[in-house]
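J.: The structure is given below, and queries will be raised subsequently.
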Amino acid sequence: MNRLAILSFLLLASEAVAIPATKTFTARRANTRQRDTTPSSYPGGDSPECTNEFQYLNFDVNDDQQLTHVQSAHQAFCTGWSELLVLGSENIDDTDRTVFGRYFVDNGDVTSEVSQVYSALVDTSNGEATSIVKDMILDNNDFLGLCPESGSDDDDDDATEEGAYWGVDDSGDGLEKFHLCNSAFDFSTLPSDNECTELSDHPDVSMESLARLILHETLHFRSVGNPIFNSQIRDEDNDDGLRAYYPQRTHGLVDPNQDNGDGQSGETAVTNADSYAWHATNSYYKYACNNVEQPGPNGGNWNDPPAYTPNEPGDA
């Protein structure tokens, strides 16, 4: 399936389930059901659940904010998450290696592993999630207490950096889950909500979306990485010991002028969640923005992000 066909297919799919075009839609009360205390199918009531959609836990759809959040997460997953994965997968075989080489070491073994990761999550022939995704859980409770609204000020945790986290609730229900902090919903819901003409000349937070955050967290589930790497996909560190988040630091893992000067550090990118999430995002804008009024910079690939600053979190 070529790029235009993929984009057209996903657009038609989103229309078929009547998913709103932007994040700012009116929350519709689904029913009078109280907070779910066991994982359930999508409770938002505004559109059908998607194929193999992850489960939801502890959402009270009678609370306006929680209803808006669960509907936004559903919309981001059903449309944006799938678009990112399909177009990221498409980029793996692109004859122009610029975008792929920005986030991964470009050799045959790594290319195969990256392809396996994408295929673990999405059927690229139709944009539908695979069966392993339906066993994943989005918990509305900040079950590890890592979000700013729970009082966390840990600058080294995933939630502080990105507004979301994955974890196992060892002190509670024992389930493997992910959580979206309130700050995650401040970003655009879909990649398409970010106008091509308003983006920076290199990948950065101007490309951020709720869909990308959800992609990052779903990559952490053990069912994705374990069959490929015999370990889960993690948050790897740059040479300065800080986590490789966002384009500056994900690129830094493979850049021979940064962490990969020894030719070895770049191998960790293939088990770094944000390397996939930003590769998929960069790939999305390469294809989507090249089909509008004008392509992005550097032949639609965008420029490499600037080198990260040691001992400062990645945010661009």
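Naming works like this for the structure tokens: A, B, ... for the chains as they're shown, residue 1 at the start of each chain, ligands 1 onward in shown order.
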Show which residues sit within 9 Å of Trp278 in chain A, as a list of chain:residue names. Count only C-alpha atoms, and ignore same-chain residues fewer than 3 positions away.

T.: A:Tyr103, A:Pro203, A:Arg212, A:His216, A:Tyr246, A:Pro247, A:Thr250, A:Ala273, A:Asp274, A:Ser275, A:Thr281, A:Asn282, A:Ser283

J.: Using only C-alpha atoms, which residues sit within 10 Å of Asp173 in chain A once same-chain residues fewer than 5 positions away are excluded, as a compact mmCIF listing (two decimals) with C-alpha atoms, in the first residue's frame?

T.:
```
# COMPACT_ATOMS: atom_id res chain seq x y z
CA THR A 38 -12.03 -3.63 36.75
CA PHE A 143 -1.19 4.35 40.50
CA VAL A 168 3.30 -2.61 37.21
```

J.: Which of these residues is nearest to Asn126 in chain A, using only C-alpha atoms: A:Ser206, A:Ser112, A:Thr51, A:Ser171?

T.: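 With only C-alpha atoms as the atom set, the closest residue is A:Thr51.
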
J.: Kindly give the distance, in Å, that separates CA of Thr124 in chain A and CA of Asn140 in chain A, rounded to a single decimal.

T.: 29.0 Å

J.: Any idea what's packed within 8 Å of Asp201 in chain A, counting only C-alpha atoms, ignoring anything in its chain fewer than 3 positions away? Could you give it as a VMD selection string?

T.: chain A and resid 296 to 297 302 to 303

J.: Save the residues we just selected, N, CA, C and O atoms, as a PDB file, in the first residue's frame?

T.:
```pdb
ATOM      1  N   GLY A 296       7.951  19.818   4.064  1.00  0.00           N
ATOM      2  CA  GLY A 296       8.767  20.286   5.166  1.00  0.00           C
ATOM      3  C   GLY A 296      10.196  20.534   4.721  1.00  0.00           C
ATOM      4  O   GLY A 296      10.579  20.220   3.580  1.00  0.00           O
ATOM      5  N   PRO A 297      11.027  21.095   5.590  1.00  0.00           N
ATOM      6  CA  PRO A 297      12.417  21.390   5.233  1.00  0.00           C
ATOM      7  C   PRO A 297      13.223  20.134   4.966  1.00  0.00           C
ATOM      8  O   PRO A 297      12.838  19.029   5.341  1.00  0.00           O
ATOM      9  N   TRP A 302      12.757  17.127   7.395  1.00  0.00           N
ATOM     10  CA  TRP A 302      13.115  18.011   8.494  1.00  0.00           C
ATOM     11  C   TRP A 302      14.613  17.873   8.765  1.00  0.00           C
ATOM     12  O   TRP A 302      15.263  16.914   8.371  1.00  0.00           O
ATOM     13  N   ASN A 303      15.166  18.874   9.424  1.00  0.00           N
ATOM     14  CA  ASN A 303      16.589  18.868   9.762  1.00  0.00           C
ATOM     15  C   ASN A 303      16.838  18.065  11.024  1.00  0.00           C
ATOM     16  O   ASN A 303      15.935  17.860  11.835  1.00  0.00           O
TER      17      ASN A 303
END
```

J.: So the first atom is CA of Val114 in chain A and the second is CA of Tyr276 in chain A; what is the distance between them in Å, to one decimal place?

T.: 8.0 Å

J.: I need the residue nearest Leu84 in chain A from this list: A:Cys289, A:Leu180, A:Leu138, A:Val122. Use only C-alpha atoms for the distance.

T.: A:Val122

J.: Given only C-alpha atoms as the basis, pick out the residue of A:Phe54, A:Phe185, A:Tyr118, A:Phe104 nearest to Gly225 in chain A.

T.: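 The answer is A:Tyr118, which sits nearest to Gly225 in chain A.
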
J.: In terms of the shortest atom-to-atom distance over only C-alpha atoms, which of A:Ile137, A:Met207, A:Val270, A:Ala164 is closest to Gln116 in chain A?

T.: A:Val270

J.: Among range 109-193 of chain A, which residues carry a DSSP assignment of helix (DSSP H, G or I), reported as a short mmCIF file (atom, residue, chain, number, x, y, z; two decimals) with C-alpha atoms, in the first residue's frame?

T.:
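Everything below was put into selection.cif:
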```cif
data_model
loop_
_atom_site.label_atom_id
_atom_site.label_comp_id
_atom_site.auth_asym_id
_atom_site.auth_seq_id
_atom_site.Cartn_x
_atom_site.Cartn_y
_atom_site.Cartn_z
CA ASP A 109 19.69 -6.35 11.78
CA VAL A 110 18.34 -3.15 13.31
CA THR A 111 15.99 -2.55 10.37
CA SER A 112 14.54 -6.03 10.87
CA GLU A 113 14.09 -5.50 14.61
CA VAL A 114 12.40 -2.12 14.17
CA SER A 115 10.06 -3.66 11.60
CA GLN A 116 9.18 -6.45 14.04
CA VAL A 117 8.34 -3.93 16.76
CA TYR A 118 5.96 -2.01 14.52
CA SER A 119 4.35 -5.23 13.32
CA ALA A 120 3.87 -6.37 16.92
CA LEU A 121 1.53 -3.42 17.49
CA SER A 131 -4.38 -8.71 19.36
CA ILE A 132 -1.72 -8.02 22.01
CA VAL A 133 -2.94 -4.43 22.36
CA LYS A 134 -6.38 -5.43 23.66
CA ASP A 135 -4.72 -6.81 26.81
CA PRO A 148 2.87 16.48 39.02
CA GLU A 149 -0.73 16.66 40.21
CA SER A 150 0.13 13.91 42.72
CA ASP A 158 8.86 9.31 32.74
CA ALA A 159 5.76 11.15 33.93
CA THR A 160 7.65 14.36 34.70
CA GLU A 161 9.35 14.25 31.32
CA GLU A 162 6.45 13.26 29.10
CA ASN A 182 -3.48 15.60 33.26
CA SER A 183 -0.66 17.44 31.47
CA ALA A 184 -0.75 14.88 28.64
CA PHE A 185 -4.13 16.24 27.59
CA ASP A 186 -2.69 19.72 27.08
CA PRO A 191 -0.68 14.53 14.84
CA SER A 192 -2.95 16.14 12.25
CA ASP A 193 -4.01 18.76 14.81
#
```

J.: List every residue of range 111-206 of chain A that DSSP, applied to the backbone of this structure, assigns to strand (DSSP E or B), and report them as a PyMOL selection string.

T.: chain A and resi 122-123+128-129+137-139+164-168+176-180

J.: For Asn298 in chain A, work out the shell of residues within 12 Å, counting only C-alpha atoms and skipping chain neighbours fewer than 3 positions away, then give it as a PyMOL selection string.

T.: chain A and resi 96+98-99+201-203+286+290+294-295+301-304

J.: For the selection just defined, write its residues with all heavy atoms to a file, as an mmCIF file, in the first residue's frame.

T.:
```
data_model
loop_
_atom_site.group_PDB
_atom_site.id
_atom_site.type_symbol
_atom_site.label_atom_id
_atom_site.label_comp_id
_atom_site.auth_asym_id
_atom_site.auth_seq_id
_atom_site.Cartn_x
_atom_site.Cartn_y
_atom_site.Cartn_z
ATOM 1 N N ASP A 96 15.114 6.883 0.818
ATOM 2 C CA ASP A 96 15.752 8.007 1.507
ATOM 3 C C ASP A 96 15.891 7.612 2.977
ATOM 4 O O ASP A 96 14.915 7.496 3.697
ATOM 5 C CB ASP A 96 14.893 9.263 1.363
ATOM 6 C CG ASP A 96 15.530 10.504 1.979
ATOM 7 O OD1 ASP A 96 16.448 10.360 2.808
ATOM 8 O OD2 ASP A 96 15.098 11.625 1.630
ATOM 9 N N THR A 98 17.184 9.200 5.503
ATOM 10 C CA THR A 98 17.427 10.314 6.422
ATOM 11 C C THR A 98 16.660 10.155 7.724
ATOM 12 O O THR A 98 17.230 10.253 8.815
ATOM 13 C CB THR A 98 17.057 11.653 5.767
ATOM 14 O OG1 THR A 98 17.793 11.801 4.548
ATOM 15 C CG2 THR A 98 17.370 12.821 6.689
ATOM 16 N N VAL A 99 15.361 9.941 7.643
ATOM 17 C CA VAL A 99 14.550 9.884 8.852
ATOM 18 C C VAL A 99 14.874 8.635 9.666
ATOM 19 O O VAL A 99 15.055 8.700 10.886
ATOM 20 C CB VAL A 99 13.047 9.949 8.507
ATOM 21 C CG1 VAL A 99 12.196 9.715 9.757
ATOM 22 C CG2 VAL A 99 12.711 11.306 7.892
ATOM 23 N N ASP A 201 11.707 23.751 12.213
ATOM 24 C CA ASP A 201 12.434 23.203 11.061
ATOM 25 C C ASP A 201 13.135 21.887 11.399
ATOM 26 O O ASP A 201 13.764 21.276 10.547
ATOM 27 C CB ASP A 201 13.435 24.219 10.496
ATOM 28 C CG ASP A 201 14.591 24.509 11.454
ATOM 29 O OD1 ASP A 201 14.557 24.033 12.603
ATOM 30 O OD2 ASP A 201 15.525 25.235 11.049
ATOM 31 N N HIS A 202 13.010 21.440 12.653
ATOM 32 C CA HIS A 202 13.531 20.138 13.055
ATOM 33 C C HIS A 202 12.516 19.511 14.018
ATOM 34 O O HIS A 202 11.706 20.215 14.611
ATOM 35 C CB HIS A 202 14.899 20.279 13.738
ATOM 36 C CG HIS A 202 14.861 21.097 14.998
ATOM 37 N ND1 HIS A 202 14.989 22.469 14.994
ATOM 38 C CD2 HIS A 202 14.690 20.745 16.306
ATOM 39 C CE1 HIS A 202 14.911 22.929 16.239
ATOM 40 N NE2 HIS A 202 14.722 21.899 17.049
ATOM 41 N N PRO A 203 12.516 18.198 14.160
ATOM 42 C CA PRO A 203 11.567 17.565 15.081
ATOM 43 C C PRO A 203 11.743 18.082 16.506
ATOM 44 O O PRO A 203 12.850 18.097 17.049
ATOM 45 C CB PRO A 203 11.926 16.078 14.986
ATOM 46 C CG PRO A 203 12.608 15.937 13.662
ATOM 47 C CD PRO A 203 13.357 17.207 13.470
ATOM 48 N N LYS A 286 6.669 13.728 7.533
ATOM 49 C CA LYS A 286 7.320 13.671 6.221
ATOM 50 C C LYS A 286 6.286 13.393 5.137
ATOM 51 O O LYS A 286 6.274 14.048 4.094
ATOM 52 C CB LYS A 286 8.397 12.583 6.202
ATOM 53 C CG LYS A 286 8.984 12.368 4.809
ATOM 54 C CD LYS A 286 10.116 11.383 4.771
ATOM 55 C CE LYS A 286 10.639 11.273 3.342
ATOM 56 N NZ LYS A 286 11.839 10.417 3.239
ATOM 57 N N ASN A 290 4.134 16.565 3.072
ATOM 58 C CA ASN A 290 4.514 16.590 1.663
ATOM 59 C C ASN A 290 3.306 16.482 0.753
ATOM 60 O O ASN A 290 3.426 16.644 -0.469
ATOM 61 C CB ASN A 290 5.494 15.456 1.351
ATOM 62 C CG ASN A 290 6.907 15.805 1.762
ATOM 63 O OD1 ASN A 290 7.167 16.903 2.253
ATOM 64 N ND2 ASN A 290 7.827 14.884 1.571
ATOM 65 N N GLN A 294 3.086 22.770 0.870
ATOM 66 C CA GLN A 294 4.540 22.765 0.687
ATOM 67 C C GLN A 294 5.150 21.707 1.594
ATOM 68 O O GLN A 294 4.669 21.441 2.693
ATOM 69 C CB GLN A 294 5.116 24.135 1.032
ATOM 70 C CG GLN A 294 4.832 24.592 2.459
ATOM 71 C CD GLN A 294 5.312 26.012 2.715
ATOM 72 O OE1 GLN A 294 5.362 26.831 1.813
ATOM 73 N NE2 GLN A 294 5.661 26.289 3.955
ATOM 74 N N PRO A 295 6.227 21.055 1.124
ATOM 75 C CA PRO A 295 6.852 20.022 1.950
ATOM 76 C C PRO A 295 7.617 20.641 3.107
ATOM 77 O O PRO A 295 7.897 21.840 3.129
ATOM 78 C CB PRO A 295 7.807 19.335 0.970
ATOM 79 C CG PRO A 295 8.145 20.399 -0.030
ATOM 80 C CD PRO A 295 6.887 21.218 -0.177
ATOM 81 N N ASN A 301 12.127 15.855 5.083
ATOM 82 C CA ASN A 301 12.635 15.040 6.183
ATOM 83 C C ASN A 301 12.777 15.818 7.476
ATOM 84 O O ASN A 301 12.935 15.233 8.537
ATOM 85 C CB ASN A 301 14.022 14.473 5.823
ATOM 86 C CG ASN A 301 13.970 13.476 4.688
ATOM 87 O OD1 ASN A 301 13.194 12.541 4.715
ATOM 88 N ND2 ASN A 301 14.815 13.695 3.677
ATOM 89 N N TRP A 302 12.757 17.127 7.395
ATOM 90 C CA TRP A 302 13.115 18.011 8.494
ATOM 91 C C TRP A 302 14.613 17.873 8.765
ATOM 92 O O TRP A 302 15.263 16.914 8.371
ATOM 93 C CB TRP A 302 12.281 17.748 9.758
ATOM 94 C CG TRP A 302 11.040 18.573 9.792
ATOM 95 C CD1 TRP A 302 10.814 19.705 10.503
ATOM 96 C CD2 TRP A 302 9.827 18.347 9.057
ATOM 97 N NE1 TRP A 302 9.554 20.212 10.256
ATOM 98 C CE2 TRP A 302 8.927 19.385 9.375
ATOM 99 C CE3 TRP A 302 9.408 17.380 8.150
ATOM 100 C CZ2 TRP A 302 7.661 19.487 8.830
ATOM 101 C CZ3 TRP A 302 8.140 17.475 7.605
ATOM 102 C CH2 TRP A 302 7.288 18.516 7.948
ATOM 103 N N ASN A 303 15.166 18.874 9.424
ATOM 104 C CA ASN A 303 16.589 18.868 9.762
ATOM 105 C C ASN A 303 16.838 18.065 11.024
ATOM 106 O O ASN A 303 15.935 17.860 11.835
ATOM 107 C CB ASN A 303 17.084 20.309 9.959
ATOM 108 C CG ASN A 303 16.905 21.157 8.707
ATOM 109 O OD1 ASN A 303 17.195 20.697 7.594
ATOM 110 N ND2 ASN A 303 16.428 22.378 8.874
ATOM 111 N N ASP A 304 18.083 17.635 11.195
ATOM 112 C CA ASP A 304 18.426 16.971 12.449
ATOM 113 C C ASP A 304 18.234 17.946 13.612
ATOM 114 O O ASP A 304 18.523 19.143 13.486
ATOM 115 C CB ASP A 304 19.892 16.527 12.440
ATOM 116 C CG ASP A 304 20.126 15.303 11.569
ATOM 117 O OD1 ASP A 304 19.145 14.625 11.215
ATOM 118 O OD2 ASP A 304 21.298 15.039 11.239
#
```

J.: When you draw a straight line from CA of Gly314 in chain A to CA of Asp235 in chain A, how long is it in Å?

T.: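 Answer for the CA of Gly314 in chain A to CA of Asp235 in chain A separation: 12.7 Å.
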
J.: Between A:Val86, A:Asp239, A:Thr130, A:Ala280, which has the minimum distance to Gly261 in chain A (counting only C-alpha atoms)?

T.: A:Asp239
